[in-house]
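Have a look at data07.cif below; it lists mmCIF, C-alpha atoms; chains and numbers go by the auth columns.
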```
data_entry
#
loop_
_atom_site.group_PDB
_atom_site.id
_atom_site.type_symbol
_atom_site.label_atom_id
_atom_site.label_comp_id
_atom_site.label_asym_id
_atom_site.label_seq_id
_atom_site.Cartn_x
_atom_site.Cartn_y
_atom_site.Cartn_z
_atom_site.B_iso_or_equiv
_atom_site.auth_seq_id
_atom_site.auth_asym_id
ATOM 1 C CA MET A 1 70.630 56.575 148.517 0.00 93 A
ATOM 2 C CA LYS A 2 70.297 55.278 144.947 0.00 94 A
ATOM 3 C CA ARG A 3 67.841 58.023 144.125 0.00 95 A
ATOM 4 C CA GLY A 4 70.266 60.743 145.347 0.00 96 A
ATOM 5 C CA ALA A 5 73.115 59.269 143.302 0.00 97 A
ATOM 6 C CA LEU A 6 70.879 59.227 140.198 0.00 98 A
ATOM 7 C CA ARG A 7 70.036 62.917 140.682 0.00 99 A
ATOM 8 C CA ILE A 8 73.718 63.790 140.956 0.00 100 A
ATOM 9 C CA LEU A 9 74.534 61.747 137.825 0.00 101 A
ATOM 10 C CA VAL A 10 71.740 63.424 135.828 0.00 102 A
ATOM 11 C CA GLY A 11 72.854 66.871 137.033 0.00 103 A
ATOM 12 C CA VAL A 12 76.478 66.236 136.099 0.00 104 A
ATOM 13 C CA SER A 13 75.419 64.872 132.693 0.00 105 A
ATOM 14 C CA LEU A 14 73.403 68.000 131.956 0.00 106 A
ATOM 15 C CA VAL A 15 76.260 70.282 133.037 0.00 107 A
ATOM 16 C CA LEU A 16 78.705 68.384 130.818 0.00 108 A
ATOM 17 C CA GLY A 17 76.352 68.538 127.839 0.00 109 A
ATOM 18 C CA ALA A 18 75.596 64.837 127.772 0.00 110 A
ATOM 19 C CA GLY A 19 71.895 65.340 128.410 0.00 111 A
ATOM 20 C CA VAL A 20 69.217 64.367 125.919 0.00 112 A
ATOM 21 C CA GLY A 21 68.739 67.072 123.330 0.00 113 A
ATOM 22 C CA ALA A 22 72.165 68.646 123.859 0.00 114 A
ATOM 23 C CA PRO A 23 73.448 70.324 120.707 0.00 115 A
ATOM 24 C CA ALA A 24 75.971 68.304 118.708 0.00 116 A
ATOM 25 C CA GLN A 25 78.050 71.398 117.986 0.00 117 A
ATOM 26 C CA ALA A 26 78.217 74.687 119.831 0.00 118 A
ATOM 27 C CA PRO A 27 77.165 77.708 117.780 0.00 119 A
ATOM 28 C CA ALA A 28 79.914 80.004 116.543 0.00 120 A
ATOM 29 C CA PRO A 29 80.735 82.738 119.028 0.00 121 A
ATOM 30 C CA THR A 30 79.164 86.152 118.631 0.00 122 A
ATOM 31 C CA PRO A 31 81.763 88.916 118.721 0.00 123 A
ATOM 32 C CA ALA A 32 81.983 90.717 122.047 0.00 124 A
ATOM 33 C CA PRO A 33 81.336 94.467 122.003 0.00 125 A
ATOM 34 C CA GLY A 34 84.380 96.338 120.755 0.00 126 A
ATOM 35 C CA GLN A 35 85.840 93.332 118.902 0.00 127 A
ATOM 36 C CA ALA A 36 83.854 93.836 115.727 0.00 128 A
ATOM 37 C CA PRO A 37 81.207 96.045 114.184 0.00 129 A
ATOM 38 C CA SER A 38 77.618 95.438 115.272 0.00 130 A
ATOM 39 C CA VAL A 39 74.603 94.669 113.119 0.00 131 A
ATOM 40 C CA GLY A 40 73.197 98.037 112.051 0.00 132 A
ATOM 41 C CA ASP A 41 76.545 99.889 112.102 0.00 133 A
ATOM 42 C CA LEU A 42 77.356 101.904 108.995 0.00 134 A
ATOM 43 C CA ILE A 43 80.533 101.253 107.028 0.00 135 A
ATOM 44 C CA PRO A 44 81.193 104.240 104.783 0.00 136 A
ATOM 45 C CA GLU A 45 82.797 103.880 101.378 0.00 137 A
ATOM 46 C CA PHE A 46 86.566 104.128 101.555 0.00 138 A
ATOM 47 C CA GLU A 47 89.572 104.790 99.364 0.00 139 A
ATOM 48 C CA THR A 48 92.440 102.329 99.405 0.00 140 A
ATOM 49 C CA THR A 49 94.847 100.433 97.154 0.00 141 A
ATOM 50 C CA ALA A 50 94.696 96.973 95.659 0.00 142 A
ATOM 51 C CA ALA A 51 96.923 94.676 97.697 0.00 143 A
ATOM 52 C CA VAL A 52 98.547 92.958 94.726 0.00 144 A
ATOM 53 C CA ASP A 53 99.231 95.764 92.249 0.00 145 A
ATOM 54 C CA GLY A 54 98.837 98.927 94.339 0.00 146 A
ATOM 55 C CA HIS A 55 96.245 100.631 92.121 0.00 147 A
ATOM 56 C CA ALA A 56 94.037 103.182 93.873 0.00 148 A
ATOM 57 C CA LEU A 57 90.473 101.985 94.433 0.00 149 A
ATOM 58 C CA LYS A 58 87.260 103.176 96.012 0.00 150 A
ATOM 59 C CA VAL A 59 85.198 100.537 97.794 0.00 151 A
ATOM 60 C CA GLY A 60 81.547 101.473 98.103 0.00 152 A
ATOM 61 C CA PHE A 61 78.269 99.790 98.859 0.00 153 A
ATOM 62 C CA PRO A 62 75.881 100.803 96.058 0.00 154 A
ATOM 63 C CA LYS A 63 72.138 100.525 96.308 0.00 155 A
ATOM 64 C CA GLY A 64 70.816 97.352 94.751 0.00 156 A
ATOM 65 C CA SER A 65 73.694 95.023 95.631 0.00 157 A
ATOM 66 C CA SER A 66 75.000 93.515 98.842 0.00 158 A
ATOM 67 C CA SER A 67 78.647 93.144 99.745 0.00 159 A
ATOM 68 C CA VAL A 68 80.817 90.926 101.904 0.00 160 A
ATOM 69 C CA LEU A 69 84.042 92.199 103.449 0.00 161 A
ATOM 70 C CA LEU A 70 86.601 89.608 104.548 0.00 162 A
ATOM 71 C CA PHE A 71 89.034 91.057 107.096 0.00 163 A
ATOM 72 C CA PHE A 72 92.253 89.076 107.565 0.00 164 A
ATOM 73 C CA LEU A 73 95.926 89.254 108.549 0.00 165 A
ATOM 74 C CA SER A 74 98.659 87.696 106.427 0.00 166 A
ATOM 75 C CA GLY A 75 100.384 86.342 109.546 0.00 167 A
ATOM 76 C CA CYS A 76 97.272 84.878 111.211 0.00 168 A
ATOM 77 C CA PRO A 77 97.057 81.047 111.200 0.00 169 A
ATOM 78 C CA THR A 78 93.286 81.167 111.778 0.00 170 A
ATOM 79 C CA CYS A 79 92.923 83.510 108.789 0.00 171 A
ATOM 80 C CA HIS A 80 94.945 81.060 106.695 0.00 172 A
ATOM 81 C CA LYS A 81 92.374 78.379 107.591 0.00 173 A
ATOM 82 C CA MET A 82 89.529 80.647 106.425 0.00 174 A
ATOM 83 C CA ILE A 83 91.050 81.654 103.062 0.00 175 A
ATOM 84 C CA PRO A 84 90.201 78.326 101.307 0.00 176 A
ATOM 85 C CA GLU A 85 86.644 78.502 102.711 0.00 177 A
ATOM 86 C CA TRP A 86 86.294 82.100 101.540 0.00 178 A
ATOM 87 C CA ASN A 87 87.651 81.052 98.124 0.00 179 A
ATOM 88 C CA ARG A 88 84.964 78.347 97.805 0.00 180 A
ATOM 89 C CA ALA A 89 82.209 80.739 98.925 0.00 181 A
ATOM 90 C CA TYR A 90 83.499 83.379 96.488 0.00 182 A
ATOM 91 C CA GLU A 91 83.417 80.872 93.596 0.00 183 A
ATOM 92 C CA ARG A 92 79.765 80.019 94.443 0.00 184 A
ATOM 93 C CA ARG A 93 78.632 83.568 95.238 0.00 185 A
ATOM 94 C CA PRO A 94 75.374 84.772 93.719 0.00 186 A
ATOM 95 C CA ALA A 95 75.507 87.191 90.796 0.00 187 A
ATOM 96 C CA GLY A 96 75.730 90.797 91.927 0.00 188 A
ATOM 97 C CA LEU A 97 77.347 90.078 95.303 0.00 189 A
ATOM 98 C CA GLN A 98 80.498 92.177 95.754 0.00 190 A
ATOM 99 C CA VAL A 99 83.203 90.384 97.771 0.00 191 A
ATOM 100 C CA VAL A 100 86.355 92.174 98.905 0.00 192 A
ATOM 101 C CA GLY A 101 89.140 90.942 101.148 0.00 193 A
ATOM 102 C CA VAL A 102 90.667 93.569 103.422 0.00 194 A
ATOM 103 C CA LEU A 103 94.292 92.900 104.342 0.00 195 A
ATOM 104 C CA MET A 104 94.873 94.378 107.788 0.00 196 A
ATOM 105 C CA ASP A 105 98.685 94.113 107.880 0.00 197 A
ATOM 106 C CA GLN A 106 101.726 94.298 105.607 0.00 198 A
ATOM 107 C CA GLU A 107 102.179 90.902 103.996 0.00 199 A
ATOM 108 C CA PRO A 108 105.625 89.273 103.825 0.00 200 A
ATOM 109 C CA PRO A 109 107.366 89.091 100.433 0.00 201 A
ATOM 110 C CA GLY A 110 105.841 86.371 98.239 0.00 202 A
ATOM 111 C CA PHE A 111 102.597 86.102 100.235 0.00 203 A
ATOM 112 C CA PHE A 112 100.324 86.426 97.194 0.00 204 A
ATOM 113 C CA ALA A 113 102.528 84.072 95.156 0.00 205 A
ATOM 114 C CA THR A 114 102.260 81.329 97.776 0.00 206 A
ATOM 115 C CA THR A 115 98.719 81.906 99.054 0.00 207 A
ATOM 116 C CA ALA A 116 95.892 81.162 96.623 0.00 208 A
ATOM 117 C CA ILE A 117 93.265 83.882 96.998 0.00 209 A
ATOM 118 C CA SER A 118 90.372 83.969 94.499 0.00 210 A
ATOM 119 C CA PHE A 119 88.639 87.133 95.700 0.00 211 A
ATOM 120 C CA PRO A 120 89.924 90.688 95.204 0.00 212 A
ATOM 121 C CA VAL A 121 92.016 92.022 98.096 0.00 213 A
ATOM 122 C CA VAL A 122 92.596 95.624 99.156 0.00 214 A
ATOM 123 C CA ARG A 123 94.735 97.092 101.906 0.00 215 A
ATOM 124 C CA ALA A 124 93.059 98.502 104.992 0.00 216 A
ATOM 125 C CA PRO A 125 93.431 102.300 104.823 0.00 217 A
ATOM 126 C CA GLY A 126 95.122 102.240 108.230 0.00 218 A
ATOM 127 C CA ARG A 127 94.834 101.214 111.849 0.00 219 A
ATOM 128 C CA ALA A 128 92.724 104.261 112.718 0.00 220 A
ATOM 129 C CA TRP A 129 90.231 103.277 110.004 0.00 221 A
ATOM 130 C CA LEU A 130 90.014 99.714 111.366 0.00 222 A
ATOM 131 C CA GLN A 131 89.498 101.058 114.895 0.00 223 A
ATOM 132 C CA SER A 132 86.758 103.401 113.669 0.00 224 A
ATOM 133 C CA LEU A 133 84.920 100.318 112.374 0.00 225 A
ATOM 134 C CA LYS A 134 85.630 98.389 115.603 0.00 226 A
ATOM 135 C CA VAL A 135 87.601 95.773 113.653 0.00 227 A
ATOM 136 C CA ASN A 136 90.016 94.534 116.297 0.00 228 A
ATOM 137 C CA ARG A 137 90.227 90.798 115.555 0.00 229 A
ATOM 138 C CA ALA A 138 90.484 88.567 112.530 0.00 230 A
ATOM 139 C CA PRO A 139 89.331 86.702 110.589 0.00 231 A
ATOM 140 C CA LEU A 140 86.075 88.601 110.315 0.00 232 A
ATOM 141 C CA THR A 141 83.364 88.042 107.699 0.00 233 A
ATOM 142 C CA VAL A 142 80.939 90.973 107.376 0.00 234 A
ATOM 143 C CA ARG A 143 77.820 91.085 105.193 0.00 235 A
ATOM 144 C CA ILE A 144 76.888 94.624 104.224 0.00 236 A
ATOM 145 C CA ALA A 145 73.512 95.718 102.899 0.00 237 A
ATOM 146 C CA PRO A 146 73.207 98.242 100.088 0.00 238 A
ATOM 147 C CA GLY A 147 74.154 101.648 101.451 0.00 239 A
ATOM 148 C CA GLY A 148 76.786 100.303 103.868 0.00 240 A
ATOM 149 C CA LYS A 149 74.789 99.030 106.855 0.00 241 A
ATOM 150 C CA VAL A 150 76.185 95.898 108.543 0.00 242 A
ATOM 151 C CA GLU A 151 73.606 93.174 108.030 0.00 243 A
ATOM 152 C CA ASP A 152 75.355 90.138 109.518 0.00 244 A
ATOM 153 C CA LEU A 153 78.837 89.115 110.638 0.00 245 A
ATOM 154 C CA GLN A 154 80.896 86.293 112.041 0.00 246 A
ATOM 155 C CA LEU A 155 84.220 86.425 113.844 0.00 247 A
ATOM 156 C CA GLY A 156 86.716 83.564 113.621 0.00 248 A
ATOM 157 C CA ILE A 157 86.395 80.315 111.714 0.00 249 A
ATOM 158 C CA VAL A 158 83.052 80.039 109.958 0.00 250 A
ATOM 159 C CA ASP A 159 81.614 76.665 108.966 0.00 251 A
ATOM 160 C CA PRO A 160 80.557 76.293 105.287 0.00 252 A
ATOM 161 C CA ILE A 161 76.813 76.407 106.036 0.00 253 A
ATOM 162 C CA ARG A 162 77.075 79.644 108.004 0.00 254 A
ATOM 163 C CA LEU A 163 79.411 81.061 105.360 0.00 255 A
ATOM 164 C CA GLY A 164 76.759 80.293 102.739 0.00 256 A
ATOM 165 C CA GLU A 165 74.283 82.337 104.799 0.00 257 A
ATOM 166 C CA LEU A 166 76.690 85.267 104.872 0.00 258 A
ATOM 167 C CA PHE A 167 77.241 85.033 101.091 0.00 259 A
ATOM 168 C CA ARG A 168 73.551 84.729 100.174 0.00 260 A
ATOM 169 C CA ARG A 169 71.965 87.237 97.784 0.00 261 A
#
```
Here is a file; write its structure as structure tokens.
Amino acid sequence: MKRGALRILVGVSLVLGAGVGAPAQAPAPTPAPGQAPSVGDLIPEFETTAAVDGHALKVGFPKGSSSVLLFFLSGCPTCHKMIPEWNRAYERRPAGLQVVGVLMDQEPPGFFATTAISFPVVRAPGRAWLQSLKVNRAPLTVRIAPGGKVEDLQLGIVDPIRLGELFRR
């Protein structure tokens, strides 16, 4: 009887993650298909406007330098949690790494005056453009290789170590 109870206790412990060698923290979730671009997808250069001053811009992915796109919504509480982390990663970015925030919605009046954002921000060219890239959730951090191929990405809150990996040279 004791032996049977021990087996049940060990089984329950393993199911609940209390077993020896259980990870201390679950890995960040991988985006489900359709929620975000996939590694290997191509993001073409695009024309847009700067979010703060409205100047026309072209965002491209030139050979010889990597890029990171930061997709966010002004009304998203989870995005608001990521902005300070993105700011820190942007301040420590390696030379030659292009970082661009992509605002996916229309911000409320005073958003940029009350929200400290260190990295440049552009407006998404439109909902159809976001859908063509399979960007359906935010926040989304996407590392892009020279030429526009998605190299790595993370959906949701990203811990500082993982964010450092995404911002590497």
Problem - Atomic distance atom CA of Ser210 of chain A - atom CA of Gln223 of chain A, expressed in Å with one decimal - result: 26.6 Å
Problem - Polymer residues at most 8 Å from segment 251-260 of chain A, all atoms listed in the file, same-chain spacing of 5 or more positions, as a ChimeraX atom specification - result: /A:160,177-178,181-182,185-186,189,233-235,244-245
Handout entry: Nearest to Ser166 of chain A by atom-to-atom distance, counting all atoms listed in the file, from A:Gly152, A:Gly146, A:Pro200, A:Gly218
Key =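 Going through A:Gly152, A:Gly146, A:Pro200, A:Gly218 one by one, the smallest distance to Ser166 of chain A is for A:Pro200.
Here the PyMOL selection byres ((chain A and resi 211) around 7) matches the residues Asn179, Tyr182, Val191, Val192, Gly193, Ile209, Ser210, Pro212 and Val213 of chain A.
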Exercise for the section: Mind checking which residues fall within 9 Å of Phe204 of chain A, counting only C-alpha atoms, ignoring those fewer than 5 positions away in the same chain, and posting them as a PyMOL selection string? Expected result: chain A and resi 143-144+199+209
Practice task
In Å, rounded to a single decimal, give me how far atom CA of Gly239 of chain A is from atom CA of Met174 of chain A.
Solution key: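 A separation of 26.5 Å between them.
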Please, what is the axis-aligned box for every listed atom of segment 133-141 of chain A with 5 Å on each side, as centre and edge lengths in Å to one decimal, as AutoDock Vina command-line options?
```
--center_x 85.7 --center_y 102.3 --center_z 104.6 --size_x 28.3 --size_y 14.9 --size_z 24.9
```
Exercise for the section: Do a neighbour search on Asp197 of chain A at 8 Å with all atoms listed in the file, toss out local chain neighbours closer than 6 positions, and write the hits as a VMD selection string. Expected result: chain A and resid 165 to 166 215 to 216
Handout entry: Residue contacts of Lys155 of chain A (12 Å, all atoms listed in the file) excluding same-chain residues fewer than 6 positions away, as a ChimeraX atom specification
Key = /A:188-190,236-241
Exercise for the section: Carefully work through the PyMOL selection byres ((chain A and resi 131-140) around 7) for this structure and note down the residues it includes, as number ranges by chain. Expected result: A: 129-130, 141-142, 148-153, 214-217, 225, 240-244
Practice task
Have a look at atom CA of Leu161 of chain A and atom CA of Ile249 of chain A and let me know their distance in Å, one decimal.
Solution key: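 One can read the atom CA of Leu161 of chain A to atom CA of Ile249 of chain A distance as 14.7 Å.
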Completion exercise
Among A:Gly156, A:Pro231, A:Gly202, A:Val194, Gln246 of chain A is approached most closely, using all atoms listed in the file, by A:Pro231
Problem - Option closest in space to Ala208 of chain A, from A:Ala128, A:Ala187, A:Val227, A:Ile175 [counting all atoms listed in the file] - result: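 Among the listed residues, the smallest separation from Ala208 of chain A belongs to A:Ile175.
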